[in-house]
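Below you'll find the structure, written out as structure tokens, and then a few comments.
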Amino acid sequence: MSGHAVVVGGGIGGLSAAVGLRRAGWTVTVLERAEAIAEVGAGLSLWPNALRTLDVLGVGADVRAQGLPVVSRGNVRTPSGRWLRHARPGDTEVLAVHRTALVEVLLRALPADVVRTSALVTGVDDVSSGSGSGGSGDGVKVNLTTPDGEDRLDADLVVAADGIASTVRRQLWPSDPGAAFRGRTVWRGLTEPDSVWPVEASLTLGNGEQFGLLPLPGRRVYWFLTADADAADLRAGDEPAEVRRRVGGWHPPIPALLAATPPGRILHHDITDLDPLPTYVRGRIALLGDAAHAMTPDLGQGACQAVEDAVVLAGRLATSAGLEAALAGYDHDRRPRTQQIARAARLSSRRNQRHGRMTHTLAELFVRLAPQRVWTGAVAPWADWTPPEIPARS
């Protein structure tokens with residue numbers, strides 16, 4: 001089975017889907033609303049499940065060449081610098097990469113004419129199932145605007161990878177309430193090369209605040225600060241000063257990292273996620289990545305799950321007898337797993353919020369005394385996942 005697939009969104013999930021679908025024998029068009037494909041200003045950790053999945057897409061080696069292996073959650077400290085835990089043999093290793101590097105690897109795996117930028121999708125009409133606003137013929141009509149005006153594309157399949165504010169999800173899942181604020185906010189920053197080096201990946205636990213850092217290639221450091229927030233959209237007039245106010249007195253190298261970060265590389269976003277959807281599929285349209293199951297960043301699985309989605313969808317399309325069966329299989333495979341991880345991430349976010357001193361002390365004690373089997377067993381449900389293969393189609 002093959003055909004023409006339109007992927008809405010040129011982020012990590014959308015580009016991964018395009019690579020996978022092409023390996024499965026599909027013709028693909030990626031529609032990205034921005035003028036250029038780019039992921040700005042942040043790093044991420046790719047867990048073993050994601051790296052195995054990128055291997056199936058044929059880009060794993062190239063991605064590994066752009067990252068540094070670290071144990072991001074093995075080194076845990078208090079704001080004073082006291083170590084609660086050091087990485088131990090058997091801890092799960094992840095690959096620290098800059099988002100831009102991952103996007104560039106995925107782009108190189110696609111012909112230049114696959115991706116159309118400055119293409120804003122305004123809606124879809126699934127003529128085959130009667131969804132959307134009507135039309136004639138078979139398949140899906142994708143409505144978009146470009147600098148040249150309005151346009152319409154025909155597709156056999158639409159993959160909506162257009163993020164937590166997905167236009168396609170809002171149209172076809174109108175009862176879904178959309179992004180939900182989870183009482184936390186996050187600052188992210190990236191240092192200048194060689195400004196603070198070497199550093200060891202670590203997570204510092206405050207009461208209601210966490211500071212994490214990841215070394216990246218090029219002797220840069222990606223850092224993040226998560227903190228409680230009373231409401232969404234609360235912004236300081238001077239974001240770098242607000243970060244310094246909160247953690248500028250914490251242990252080294254945190255003050256040096258803040259000083260080495262250009263103000264323009266500090267991003268501030270609220271932490272949101274989606275409530276579980278009853279299905280990821282409507283007719284010939286499939287949701288993928290954050291459009292389907294946006295989750296809080298506490299487990300580091302957002303991008304990893306988007307890449308998994310892409311490979312499972314491509315595998316199902318390559319092996320199923322028809323499109324309906326393939327999409328039903330995709331929903332069957334992906335919805336339980338991604339929603340379980342999203343629930344776990346939300347629970348972790350709640351645990352990281354401010355509590356009484358005794359509760360916070362008990363959390364520190366758990367980190368310091370938890371047996372290794374508990375530490376590694378906690379991440380096994382997602383880290384140990386093995387992706388399906390994508391049978392090549394000519």
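In the structure tokens, chains take the letters A, B, ... in the order shown, each chain's residues start at 1, and ligands count up from 1 in the order shown.
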
Just the residues within 9 Å of region 345-353 of chain A, please, counting only C-alpha atoms, with nothing from its chain fewer than 3 positions along; format it as a compact mmCIF listing (two decimals) with all heavy atoms, in the first residue's frame.
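So selection.txt came out as:
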# COMPACT_ATOMS: atom_id res chain seq x y z
N ARG A 182 -0.34 23.30 33.83
CA ARG A 182 -0.12 22.36 34.92
C ARG A 182 0.55 23.01 36.14
O ARG A 182 1.17 22.32 36.95
CB ARG A 182 0.72 21.18 34.42
CG ARG A 182 -0.01 20.30 33.43
CD ARG A 182 -1.30 19.77 34.01
NE ARG A 182 -2.17 19.17 33.00
CZ ARG A 182 -3.44 18.89 33.21
NH1 ARG A 182 -4.01 19.17 34.39
NH2 ARG A 182 -4.18 18.37 32.25
N GLY A 183 0.44 24.32 36.28
CA GLY A 183 0.93 24.97 37.49
C GLY A 183 2.43 25.12 37.57
O GLY A 183 2.98 25.38 38.65
N ARG A 184 3.10 24.96 36.41
CA ARG A 184 4.55 25.10 36.40
C ARG A 184 4.99 25.84 35.14
O ARG A 184 4.27 25.88 34.14
CB ARG A 184 5.23 23.73 36.49
CG ARG A 184 5.03 23.08 37.84
CD ARG A 184 5.67 21.70 37.95
NE ARG A 184 7.11 21.71 37.90
CZ ARG A 184 7.90 22.14 38.89
NH1 ARG A 184 7.39 22.63 39.98
NH2 ARG A 184 9.22 22.07 38.77
N LEU A 205 17.60 19.62 42.92
CA LEU A 205 16.24 19.59 43.44
C LEU A 205 16.03 20.67 44.49
O LEU A 205 16.55 20.58 45.61
CB LEU A 205 15.93 18.23 44.06
CG LEU A 205 16.05 17.00 43.17
CD1 LEU A 205 15.65 15.75 43.95
CD2 LEU A 205 15.19 17.14 41.93
N GLY A 206 15.29 21.71 44.15
CA GLY A 206 14.80 22.65 45.13
C GLY A 206 13.37 22.28 45.49
O GLY A 206 12.78 21.38 44.91
N ASN A 207 12.81 22.98 46.44
CA ASN A 207 11.42 22.74 46.83
C ASN A 207 10.52 23.57 45.92
O ASN A 207 10.33 24.77 46.13
CB ASN A 207 11.21 23.12 48.29
CG ASN A 207 9.87 22.62 48.81
OD1 ASN A 207 9.06 22.08 48.06
ND2 ASN A 207 9.63 22.79 50.10
N GLY A 208 9.99 22.94 44.88
CA GLY A 208 9.19 23.64 43.89
C GLY A 208 9.97 24.14 42.70
O GLY A 208 9.39 24.69 41.76
N GLU A 209 11.29 23.97 42.71
CA GLU A 209 12.14 24.39 41.60
C GLU A 209 13.17 23.29 41.32
O GLU A 209 13.66 22.65 42.24
CB GLU A 209 12.86 25.70 41.92
CG GLU A 209 11.93 26.89 42.10
CD GLU A 209 12.65 28.13 42.57
OE1 GLU A 209 13.57 28.00 43.40
OE2 GLU A 209 12.30 29.23 42.11
N GLN A 210 13.48 23.11 40.04
CA GLN A 210 14.51 22.16 39.63
C GLN A 210 15.38 22.82 38.57
O GLN A 210 14.87 23.51 37.67
CB GLN A 210 13.90 20.88 39.05
CG GLN A 210 13.19 20.01 40.06
CD GLN A 210 12.83 18.66 39.47
OE1 GLN A 210 12.79 18.48 38.27
NE2 GLN A 210 12.57 17.70 40.33
N THR A 226 12.76 24.68 36.02
CA THR A 226 11.32 24.56 36.16
C THR A 226 10.92 25.07 37.53
O THR A 226 11.65 24.89 38.52
CB THR A 226 10.85 23.11 35.99
OG1 THR A 226 11.45 22.28 37.00
CG2 THR A 226 11.22 22.57 34.62
N ALA A 227 9.76 25.71 37.61
CA ALA A 227 9.32 26.31 38.87
C ALA A 227 7.81 26.37 38.91
O ALA A 227 7.13 26.37 37.87
CB ALA A 227 9.90 27.72 39.03
N ASP A 228 7.27 26.41 40.13
CA ASP A 228 5.83 26.58 40.30
C ASP A 228 5.40 27.93 39.76
O ASP A 228 6.16 28.91 39.78
CB ASP A 228 5.46 26.51 41.79
CG ASP A 228 5.72 25.13 42.39
OD1 ASP A 228 5.97 24.19 41.63
OD2 ASP A 228 5.65 25.01 43.63
N ASP A 273 0.03 20.31 28.96
CA ASP A 273 -0.10 19.00 28.31
C ASP A 273 -1.53 18.85 27.82
O ASP A 273 -2.33 19.78 27.89
CB ASP A 273 0.33 17.85 29.24
CG ASP A 273 -0.59 17.68 30.45
OD1 ASP A 273 -1.63 18.38 30.53
OD2 ASP A 273 -0.28 16.84 31.32
N MET A 295 2.93 16.15 26.43
CA MET A 295 3.14 15.78 27.82
C MET A 295 4.10 16.76 28.48
O MET A 295 4.86 17.46 27.80
CB MET A 295 3.68 14.35 27.92
CG MET A 295 4.95 14.09 27.13
SD MET A 295 5.38 12.31 27.03
CE MET A 295 4.08 11.66 25.97
N THR A 296 4.07 16.81 29.79
CA THR A 296 5.02 17.67 30.50
C THR A 296 6.43 17.12 30.30
O THR A 296 6.60 15.93 30.02
CB THR A 296 4.69 17.73 32.00
OG1 THR A 296 4.94 16.46 32.60
CG2 THR A 296 3.25 18.13 32.23
N PRO A 297 7.47 17.96 30.44
CA PRO A 297 8.82 17.53 30.09
C PRO A 297 9.53 16.72 31.17
O PRO A 297 10.69 16.38 31.00
CB PRO A 297 9.55 18.86 29.88
CG PRO A 297 8.85 19.81 30.79
CD PRO A 297 7.40 19.40 30.76
N ASP A 298 8.83 16.35 32.23
CA ASP A 298 9.50 15.77 33.40
C ASP A 298 10.20 14.45 33.12
O ASP A 298 11.19 14.13 33.79
CB ASP A 298 8.47 15.57 34.52
CG ASP A 298 7.85 16.88 34.94
OD1 ASP A 298 6.96 17.37 34.22
OD2 ASP A 298 8.26 17.43 35.97
N LEU A 299 9.74 13.67 32.17
CA LEU A 299 10.37 12.38 31.87
C LEU A 299 11.27 12.46 30.64
O LEU A 299 11.88 11.45 30.27
CB LEU A 299 9.30 11.30 31.67
CG LEU A 299 8.33 11.08 32.83
CD1 LEU A 299 7.39 9.94 32.51
CD2 LEU A 299 9.08 10.83 34.13
N GLY A 300 11.34 13.59 29.98
CA GLY A 300 12.20 13.73 28.82
C GLY A 300 11.77 12.89 27.64
O GLY A 300 12.60 12.48 26.82
N GLN A 301 10.46 12.63 27.50
CA GLN A 301 9.98 11.69 26.48
C GLN A 301 9.17 12.34 25.36
O GLN A 301 8.71 11.64 24.45
CB GLN A 301 9.15 10.59 27.13
CG GLN A 301 9.97 9.50 27.77
CD GLN A 301 10.68 8.64 26.75
OE1 GLN A 301 10.07 8.16 25.79
NE2 GLN A 301 11.98 8.44 26.93
N GLN A 340 -0.05 6.43 28.75
CA GLN A 340 0.53 5.99 30.02
C GLN A 340 1.74 6.85 30.39
O GLN A 340 1.91 7.27 31.55
CB GLN A 340 0.96 4.53 29.92
CG GLN A 340 1.62 4.00 31.19
CD GLN A 340 2.19 2.60 31.01
OE1 GLN A 340 2.50 2.18 29.89
NE2 GLN A 340 2.30 1.86 32.09
N ILE A 341 2.60 7.14 29.41
CA ILE A 341 3.77 7.97 29.68
C ILE A 341 3.36 9.39 30.01
O ILE A 341 3.93 10.03 30.91
CB ILE A 341 4.73 7.92 28.48
CG1 ILE A 341 5.30 6.51 28.32
CG2 ILE A 341 5.87 8.93 28.64
CD1 ILE A 341 6.12 6.30 27.07
N ALA A 342 2.35 9.91 29.33
CA ALA A 342 1.86 11.27 29.62
C ALA A 342 1.31 11.35 31.05
O ALA A 342 1.54 12.35 31.75
CB ALA A 342 0.80 11.68 28.61
N ALA A 363 11.58 13.39 50.00
CA ALA A 363 11.92 13.20 48.59
C ALA A 363 13.43 13.13 48.41
O ALA A 363 13.94 12.29 47.65
CB ALA A 363 11.33 14.33 47.76

Exercise. Using only C-alpha atoms, determine which residues lie at most 8 Å from Leu120 (chain A), disregarding the query and same-chain residues fewer than 5 positions distant; provide the list as a list in words.
Key: Leu31, Glu32, Arg33, Leu144, Thr145 and Thr146 of chain A

The selected residues should be written to file as a compact mmCIF listing (two decimals), in the first residue's frame (atoms: N, CA, C and O atoms).
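Once everything was written out, this is again_11.txt:
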# COMPACT_ATOMS: atom_id res chain seq x y z
N LEU A 31 4.22 20.24 5.10
CA LEU A 31 3.79 21.63 5.10
C LEU A 31 4.15 22.27 6.44
O LEU A 31 3.66 21.84 7.49
N GLU A 32 5.00 23.27 6.41
CA GLU A 32 5.46 23.97 7.61
C GLU A 32 5.09 25.44 7.51
O GLU A 32 5.39 26.10 6.51
N ARG A 33 4.45 25.96 8.55
CA ARG A 33 3.97 27.34 8.50
C ARG A 33 5.10 28.37 8.57
O ARG A 33 4.95 29.47 8.04
N LEU A 144 -4.70 25.34 2.56
CA LEU A 144 -3.57 26.08 3.10
C LEU A 144 -3.47 27.45 2.46
O LEU A 144 -4.03 27.70 1.40
N THR A 145 -2.75 28.32 3.14
CA THR A 145 -2.41 29.63 2.58
C THR A 145 -0.90 29.73 2.48
O THR A 145 -0.17 29.23 3.34
N THR A 146 -0.44 30.37 1.43
CA THR A 146 0.98 30.58 1.17
C THR A 146 1.19 32.05 0.81
O THR A 146 0.22 32.79 0.62

Self-check item: Residue contacts of Ala259 (chain A) (12 Å, only C-alpha atoms) excluding same-chain residues fewer than 4 positions away, as an NGL selection string
Solution: :A and (189-192 or 195-196 or 240-241 or 243-244 or 247-248 or 252-255 or 263 or 265-266)

Produce a file of the selected residues containing N, CA and C atoms, as a short mmCIF file (atom, residue, chain, number, x, y, z; two decimals), in the first residue's frame.
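Contents of the output file again22.cif:
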data_model
loop_
_atom_site.label_atom_id
_atom_site.label_comp_id
_atom_site.auth_asym_id
_atom_site.auth_seq_id
_atom_site.Cartn_x
_atom_site.Cartn_y
_atom_site.Cartn_z
N GLY A 189 17.98 27.73 28.56
CA GLY A 189 19.07 28.56 28.08
C GLY A 189 20.18 27.74 27.47
N LEU A 190 21.04 28.40 26.71
CA LEU A 190 22.16 27.76 26.03
C LEU A 190 23.37 28.67 26.14
N THR A 191 24.46 28.16 26.69
CA THR A 191 25.65 28.99 26.90
C THR A 191 26.44 29.18 25.61
N GLU A 192 27.34 30.15 25.65
CA GLU A 192 28.31 30.32 24.58
C GLU A 192 29.31 29.17 24.61
N SER A 195 32.51 28.60 27.31
CA SER A 195 32.40 29.57 28.40
C SER A 195 32.39 28.91 29.77
N VAL A 196 31.75 27.77 29.89
CA VAL A 196 31.73 27.00 31.14
C VAL A 196 31.94 25.54 30.77
N PRO A 240 16.19 37.08 32.28
CA PRO A 240 17.46 36.65 32.86
C PRO A 240 17.59 37.05 34.33
N ALA A 241 17.13 38.25 34.67
CA ALA A 241 17.20 38.69 36.07
C ALA A 241 16.31 37.83 36.95
N VAL A 243 15.57 34.64 36.49
CA VAL A 243 16.25 33.36 36.71
C VAL A 243 17.35 33.52 37.75
N ARG A 244 18.14 34.61 37.64
CA ARG A 244 19.20 34.84 38.63
C ARG A 244 18.61 35.02 40.03
N VAL A 247 17.76 31.30 41.23
CA VAL A 247 18.79 30.27 41.43
C VAL A 247 20.20 30.81 41.33
N GLY A 248 20.36 32.13 41.29
CA GLY A 248 21.71 32.70 41.17
C GLY A 248 22.60 32.41 42.36
N PRO A 252 27.77 26.10 42.32
CA PRO A 252 28.46 26.14 41.02
C PRO A 252 28.17 24.84 40.26
N PRO A 253 28.10 24.87 38.93
CA PRO A 253 28.40 26.02 38.06
C PRO A 253 27.17 26.83 37.66
N ILE A 254 26.08 26.74 38.42
CA ILE A 254 24.84 27.39 38.01
C ILE A 254 25.01 28.90 37.80
N PRO A 255 25.60 29.65 38.74
CA PRO A 255 25.77 31.09 38.47
C PRO A 255 26.59 31.38 37.22
N PRO A 263 21.24 36.80 26.81
CA PRO A 263 19.82 36.99 27.15
C PRO A 263 18.87 36.49 26.07
N ARG A 265 19.06 33.96 24.32
CA ARG A 265 18.95 32.50 24.29
C ARG A 265 18.20 31.94 25.48
N ILE A 266 17.58 32.79 26.26
CA ILE A 266 16.77 32.34 27.38
C ILE A 266 15.30 32.35 26.94
#

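Going from CA of Val71 (chain A) to CA of Pro387 (chain A) covers 22.2 Å.
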
Determine, for each residue of region 292-388 of chain A having at least one atom at most 9 Å from an atom of region 80-94 of chain A, the closest pair of atoms and their separation in Å to one decimal, counting only C-alpha atoms; order by chain and ascending number, as JSON lines.
{"residue": "A:Glu364", "atom": "CA", "partner": "A:Leu84", "partner_atom": "CA", "distance": 6.9}
{"residue": "A:Leu365", "atom": "CA", "partner": "A:Leu84", "partner_atom": "CA", "distance": 7.9}
{"residue": "A:Val367", "atom": "CA", "partner": "A:Leu84", "partner_atom": "CA", "distance": 6.3}
{"residue": "A:Arg368", "atom": "CA", "partner": "A:Leu84", "partner_atom": "CA", "distance": 4.8}
{"residue": "A:Leu369", "atom": "CA", "partner": "A:Arg85", "partner_atom": "CA", "distance": 8.5}
{"residue": "A:Gln372", "atom": "CA", "partner": "A:Gly90", "partner_atom": "CA", "distance": 7.9}
{"residue": "A:Trp375", "atom": "CA", "partner": "A:Asp91", "partner_atom": "CA", "distance": 7.8}
{"residue": "A:Thr376", "atom": "CA", "partner": "A:Asp91", "partner_atom": "CA", "distance": 6.1}
{"residue": "A:Val379", "atom": "CA", "partner": "A:Thr92", "partner_atom": "CA", "distance": 8.0}
{"residue": "A:Ala380", "atom": "CA", "partner": "A:Thr92", "partner_atom": "CA", "distance": 8.8}
{"residue": "A:Ala383", "atom": "CA", "partner": "A:Thr92", "partner_atom": "CA", "distance": 8.0}

Quiz item: Taking only C-alpha atoms into account, which of A:His4, A:Arg316, A:His293, A:His268 comes nearest Ile390 (chain A)?
Solution: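 Result for the nearest residue to Ile390 (chain A): A:Arg316.
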
Quiz item: If you measure from CA of Thr272 (chain A) to CA of Arg169 (chain A), what distance in Å do you get, rounded to one decimal?
Solution: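 Between CA of Thr272 (chain A) and CA of Arg169 (chain A) the gap is 16.2 Å.
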
Practice problem: Run DSSP on the backbone of this structure and report the residues of region 25-158 of chain A it assigns to helix (DSSP H, G or I), as number ranges by chain. | Solution: A: 48-56, 60-64, 99-108, 112-114

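Take the candidates A:Arg22, A:Lys141, A:Arg246, A:His251 and check each one against Gly3 (chain A) using only C-alpha atoms; the shortest distance goes to A:Arg22.
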
Output as CSV one row per residue of region 266-313 of chain A within 12 Å of region 95-118 of chain A: the closest atom pair and its distance in Å to one decimal place, counting only C-alpha atoms, sorted by chain and residue number ascending.
residue,atom,partner,partner_atom,distance
A:Gly300,CA,A:Ala96,CA,10.9
A:Ala303,CA,A:Arg99,CA,9.5
A:Cys304,CA,A:Leu95,CA,11.3
A:Val307,CA,A:Leu106,CA,10.9

Exercise. For CA of Leu216 (chain A) and CA of Glu35 (chain A), quote the distance in Å rounded to one decimal.
Key: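 Computed distance, CA of Leu216 (chain A) to CA of Glu35 (chain A), equals 26.7 Å.
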
Practice problem: Fewer than 6 positions away in the same chain doesn't count, so skip those; otherwise give me all residues within 12 Å of Asp55 (chain A), counting only C-alpha atoms, as a PyMOL selection string. | Solution: chain A and resi 16+19-20+48-49+61-64+106+307-308+311+386-390

For the selection you just gave me, I'd like the residues written to a file as a CSV table (one decimal), in the first residue's frame, keeping N, CA and C atoms.
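Final output, out-v4.csv:
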chain,number,residue,atom,x,y,z
A,16,SER,N,10.3,13.2,11.1
A,16,SER,CA,10.5,11.8,11.3
A,16,SER,C,9.4,11.0,10.6
A,19,VAL,N,10.3,10.9,6.9
A,19,VAL,CA,11.4,9.9,6.6
A,19,VAL,C,10.8,8.5,6.6
A,20,GLY,N,10.0,8.2,7.6
A,20,GLY,CA,9.5,6.8,7.7
A,20,GLY,C,8.5,6.5,6.6
A,48,PRO,N,17.1,5.6,25.1
A,48,PRO,CA,17.4,4.5,24.2
A,48,PRO,C,16.3,4.1,23.3
A,49,ASN,N,15.0,4.2,23.7
A,49,ASN,CA,13.9,3.9,22.8
A,49,ASN,C,13.9,4.8,21.6
A,61,ALA,N,23.0,6.8,13.3
A,61,ALA,CA,24.4,7.1,13.4
A,61,ALA,C,24.7,8.5,13.2
A,62,ASP,N,24.0,9.2,12.3
A,62,ASP,CA,24.2,10.6,12.1
A,62,ASP,C,23.8,11.4,13.4
A,63,VAL,N,22.7,11.0,14.0
A,63,VAL,CA,22.3,11.7,15.2
A,63,VAL,C,23.3,11.5,16.3
A,64,ARG,N,23.8,10.3,16.5
A,64,ARG,CA,24.8,10.0,17.6
A,64,ARG,C,26.0,10.9,17.4
A,106,LEU,N,17.4,15.0,10.2
A,106,LEU,CA,16.2,14.6,9.6
A,106,LEU,C,16.0,15.2,8.2
A,307,VAL,N,9.0,10.5,17.7
A,307,VAL,CA,9.7,9.7,16.8
A,307,VAL,C,9.2,8.2,16.8
A,308,GLU,N,8.8,7.7,17.9
A,308,GLU,CA,8.2,6.4,18.0
A,308,GLU,C,6.9,6.4,17.1
A,311,VAL,N,7.6,5.9,13.4
A,311,VAL,CA,8.1,4.6,12.9
A,311,VAL,C,6.9,3.6,13.0
A,386,THR,N,11.2,-1.4,22.0
A,386,THR,CA,11.9,-1.7,20.8
A,386,THR,C,11.0,-1.4,19.6
A,387,PRO,N,11.4,-0.7,18.6
A,387,PRO,CA,10.5,-0.3,17.5
A,387,PRO,C,10.3,-1.4,16.5
A,388,PRO,N,9.2,-1.3,15.7
A,388,PRO,CA,9.1,-2.3,14.6
A,388,PRO,C,10.0,-1.9,13.5
A,389,GLU,N,10.3,-2.8,12.6
A,389,GLU,CA,11.0,-2.5,11.4
A,389,GLU,C,10.0,-1.9,10.4
A,390,ILE,N,10.5,-1.2,9.4
A,390,ILE,CA,9.7,-0.7,8.3
A,390,ILE,C,10.2,-1.4,7.0

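Checking A:Gly14, A:Gly60, A:Trp223, A:Glu150 one by one against Leu44 (chain A), counting only C-alpha atoms, you find the shortest gap at A:Trp223.
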
Quiz item: Residues of region 97-291 of chain A in strand (DSSP E or B) according to DSSP, as a PyMOL selection string?
Solution: chain A and resi 97-98+115-116+120-126+140-146+149-155+157-160+180-190+202-205+209-216+220-228+267-273+281-282+285-287

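Shell of Asp309 (chain A) at 9 Å, with only C-alpha atoms counted and residues fewer than 6 places along the chain excluded, is A:Gly13, A:Ser16, A:Ala17, A:Leu288, A:Gly289, A:Tyr330, A:Arg334, A:Thr338.
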
Quiz item: Which of these residues is nearest to Ala310 (chain A), using only C-alpha atoms: A:Val221, A:Met1, A:Ala50, A:Ala201?
Solution: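 Of A:Val221, A:Met1, A:Ala50, A:Ala201, the one nearest Ala310 (chain A), counting only C-alpha atoms, is A:Ala50.
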
Considering only C-alpha atoms, return as an mmCIF file with N, CA and C atoms, in the first residue's frame whatever protein or nucleic-acid residues lie within 9 Å of region 160-163 of chain A, sequence-local ones (same chain, fewer than 2 positions apart) excluded.
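Below is the file that was written, part_29.cif:
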data_model
loop_
_atom_site.group_PDB
_atom_site.id
_atom_site.type_symbol
_atom_site.label_atom_id
_atom_site.label_comp_id
_atom_site.auth_asym_id
_atom_site.auth_seq_id
_atom_site.Cartn_x
_atom_site.Cartn_y
_atom_site.Cartn_z
ATOM 1 N N VAL A 6 0.315 13.900 3.179
ATOM 2 C CA VAL A 6 0.650 15.270 3.557
ATOM 3 C C VAL A 6 0.896 15.292 5.055
ATOM 4 N N VAL A 7 2.073 15.747 5.456
ATOM 5 C CA VAL A 7 2.425 15.878 6.863
ATOM 6 C C VAL A 7 2.310 17.347 7.232
ATOM 7 N N VAL A 8 1.482 17.652 8.205
ATOM 8 C CA VAL A 8 1.284 19.028 8.653
ATOM 9 C C VAL A 8 2.224 19.279 9.832
ATOM 10 N N GLY A 9 3.236 20.106 9.618
ATOM 11 C CA GLY A 9 4.198 20.412 10.669
ATOM 12 C C GLY A 9 5.571 19.858 10.363
ATOM 13 N N GLY A 10 6.579 20.737 10.413
ATOM 14 C CA GLY A 10 7.941 20.339 10.080
ATOM 15 C C GLY A 10 8.858 20.285 11.279
ATOM 16 N N GLY A 11 8.323 19.898 12.433
ATOM 17 C CA GLY A 11 9.160 19.702 13.607
ATOM 18 C C GLY A 11 9.744 18.300 13.632
ATOM 19 N N ILE A 12 10.231 17.874 14.796
ATOM 20 C CA ILE A 12 10.881 16.570 14.911
ATOM 21 C C ILE A 12 9.922 15.452 14.547
ATOM 22 N N GLY A 13 8.690 15.496 15.048
ATOM 23 C CA GLY A 13 7.731 14.447 14.732
ATOM 24 C C GLY A 13 7.355 14.427 13.263
ATOM 25 N N GLY A 14 7.077 15.594 12.692
ATOM 26 C CA GLY A 14 6.683 15.644 11.295
ATOM 27 C C GLY A 14 7.770 15.193 10.349
ATOM 28 N N LEU A 15 9.007 15.629 10.595
ATOM 29 C CA LEU A 15 10.110 15.208 9.731
ATOM 30 C C LEU A 15 10.396 13.717 9.891
ATOM 31 N N ALA A 17 8.182 11.463 10.616
ATOM 32 C CA ALA A 17 7.112 10.802 9.878
ATOM 33 C C ALA A 17 7.399 10.805 8.385
ATOM 34 N N GLU A 32 5.005 23.275 6.405
ATOM 35 C CA GLU A 32 5.459 23.967 7.613
ATOM 36 C C GLU A 32 5.087 25.444 7.508
ATOM 37 N N VAL A 158 -3.386 12.228 5.732
ATOM 38 C CA VAL A 158 -2.851 13.427 6.379
ATOM 39 C C VAL A 158 -2.334 13.033 7.755
ATOM 40 N N ALA A 165 -1.014 22.935 19.854
ATOM 41 C CA ALA A 165 -2.109 23.809 19.414
ATOM 42 C C ALA A 165 -2.606 23.414 18.029
ATOM 43 N N SER A 166 -2.528 22.151 17.694
ATOM 44 C CA SER A 166 -2.820 21.624 16.364
ATOM 45 C C SER A 166 -4.116 22.157 15.757
ATOM 46 N N THR A 167 -3.992 22.743 14.574
ATOM 47 C CA THR A 167 -5.166 23.187 13.825
ATOM 48 C C THR A 167 -6.043 22.012 13.438
ATOM 49 N N VAL A 168 -5.420 20.925 13.011
ATOM 50 C CA VAL A 168 -6.174 19.751 12.582
ATOM 51 C C VAL A 168 -6.923 19.139 13.760
ATOM 52 N N ARG A 169 -6.279 19.036 14.915
ATOM 53 C CA ARG A 169 -6.970 18.468 16.084
ATOM 54 C C ARG A 169 -8.156 19.339 16.494
ATOM 55 N N ILE A 285 -7.070 10.772 8.599
ATOM 56 C CA ILE A 285 -6.206 11.723 9.299
ATOM 57 C C ILE A 285 -5.718 11.089 10.589
ATOM 58 N N ALA A 286 -4.411 11.176 10.835
ATOM 59 C CA ALA A 286 -3.807 10.642 12.054
ATOM 60 C C ALA A 286 -3.055 11.751 12.779
ATOM 61 N N LEU A 287 -3.248 11.845 14.075
ATOM 62 C CA LEU A 287 -2.477 12.767 14.902
ATOM 63 C C LEU A 287 -1.162 12.107 15.309
ATOM 64 N N LEU A 288 -0.133 12.938 15.453
ATOM 65 C CA LEU A 288 1.200 12.410 15.773
ATOM 66 C C LEU A 288 1.922 13.398 16.687
ATOM 67 N N GLY A 289 2.708 12.885 17.638
ATOM 68 C CA GLY A 289 3.520 13.729 18.503
ATOM 69 C C GLY A 289 2.661 14.582 19.423
ATOM 70 N N ASP A 290 3.086 15.826 19.643
ATOM 71 C CA ASP A 290 2.384 16.708 20.571
ATOM 72 C C ASP A 290 0.947 16.972 20.156
ATOM 73 N N ALA A 291 0.640 16.888 18.885
ATOM 74 C CA ALA A 291 -0.739 17.066 18.456
ATOM 75 C C ALA A 291 -1.656 15.999 19.039
ATOM 76 N N ALA A 292 -1.097 14.830 19.330
ATOM 77 C CA ALA A 292 -1.876 13.715 19.872
ATOM 78 C C ALA A 292 -1.750 13.580 21.382
ATOM 79 N N ALA A 294 0.662 15.625 23.775
ATOM 80 C CA ALA A 294 1.630 16.518 24.409
ATOM 81 C C ALA A 294 1.702 16.224 25.900
ATOM 82 N N ALA A 306 7.307 11.177 19.849
ATOM 83 C CA ALA A 306 6.957 11.597 18.492
ATOM 84 C C ALA A 306 7.693 10.762 17.450
#
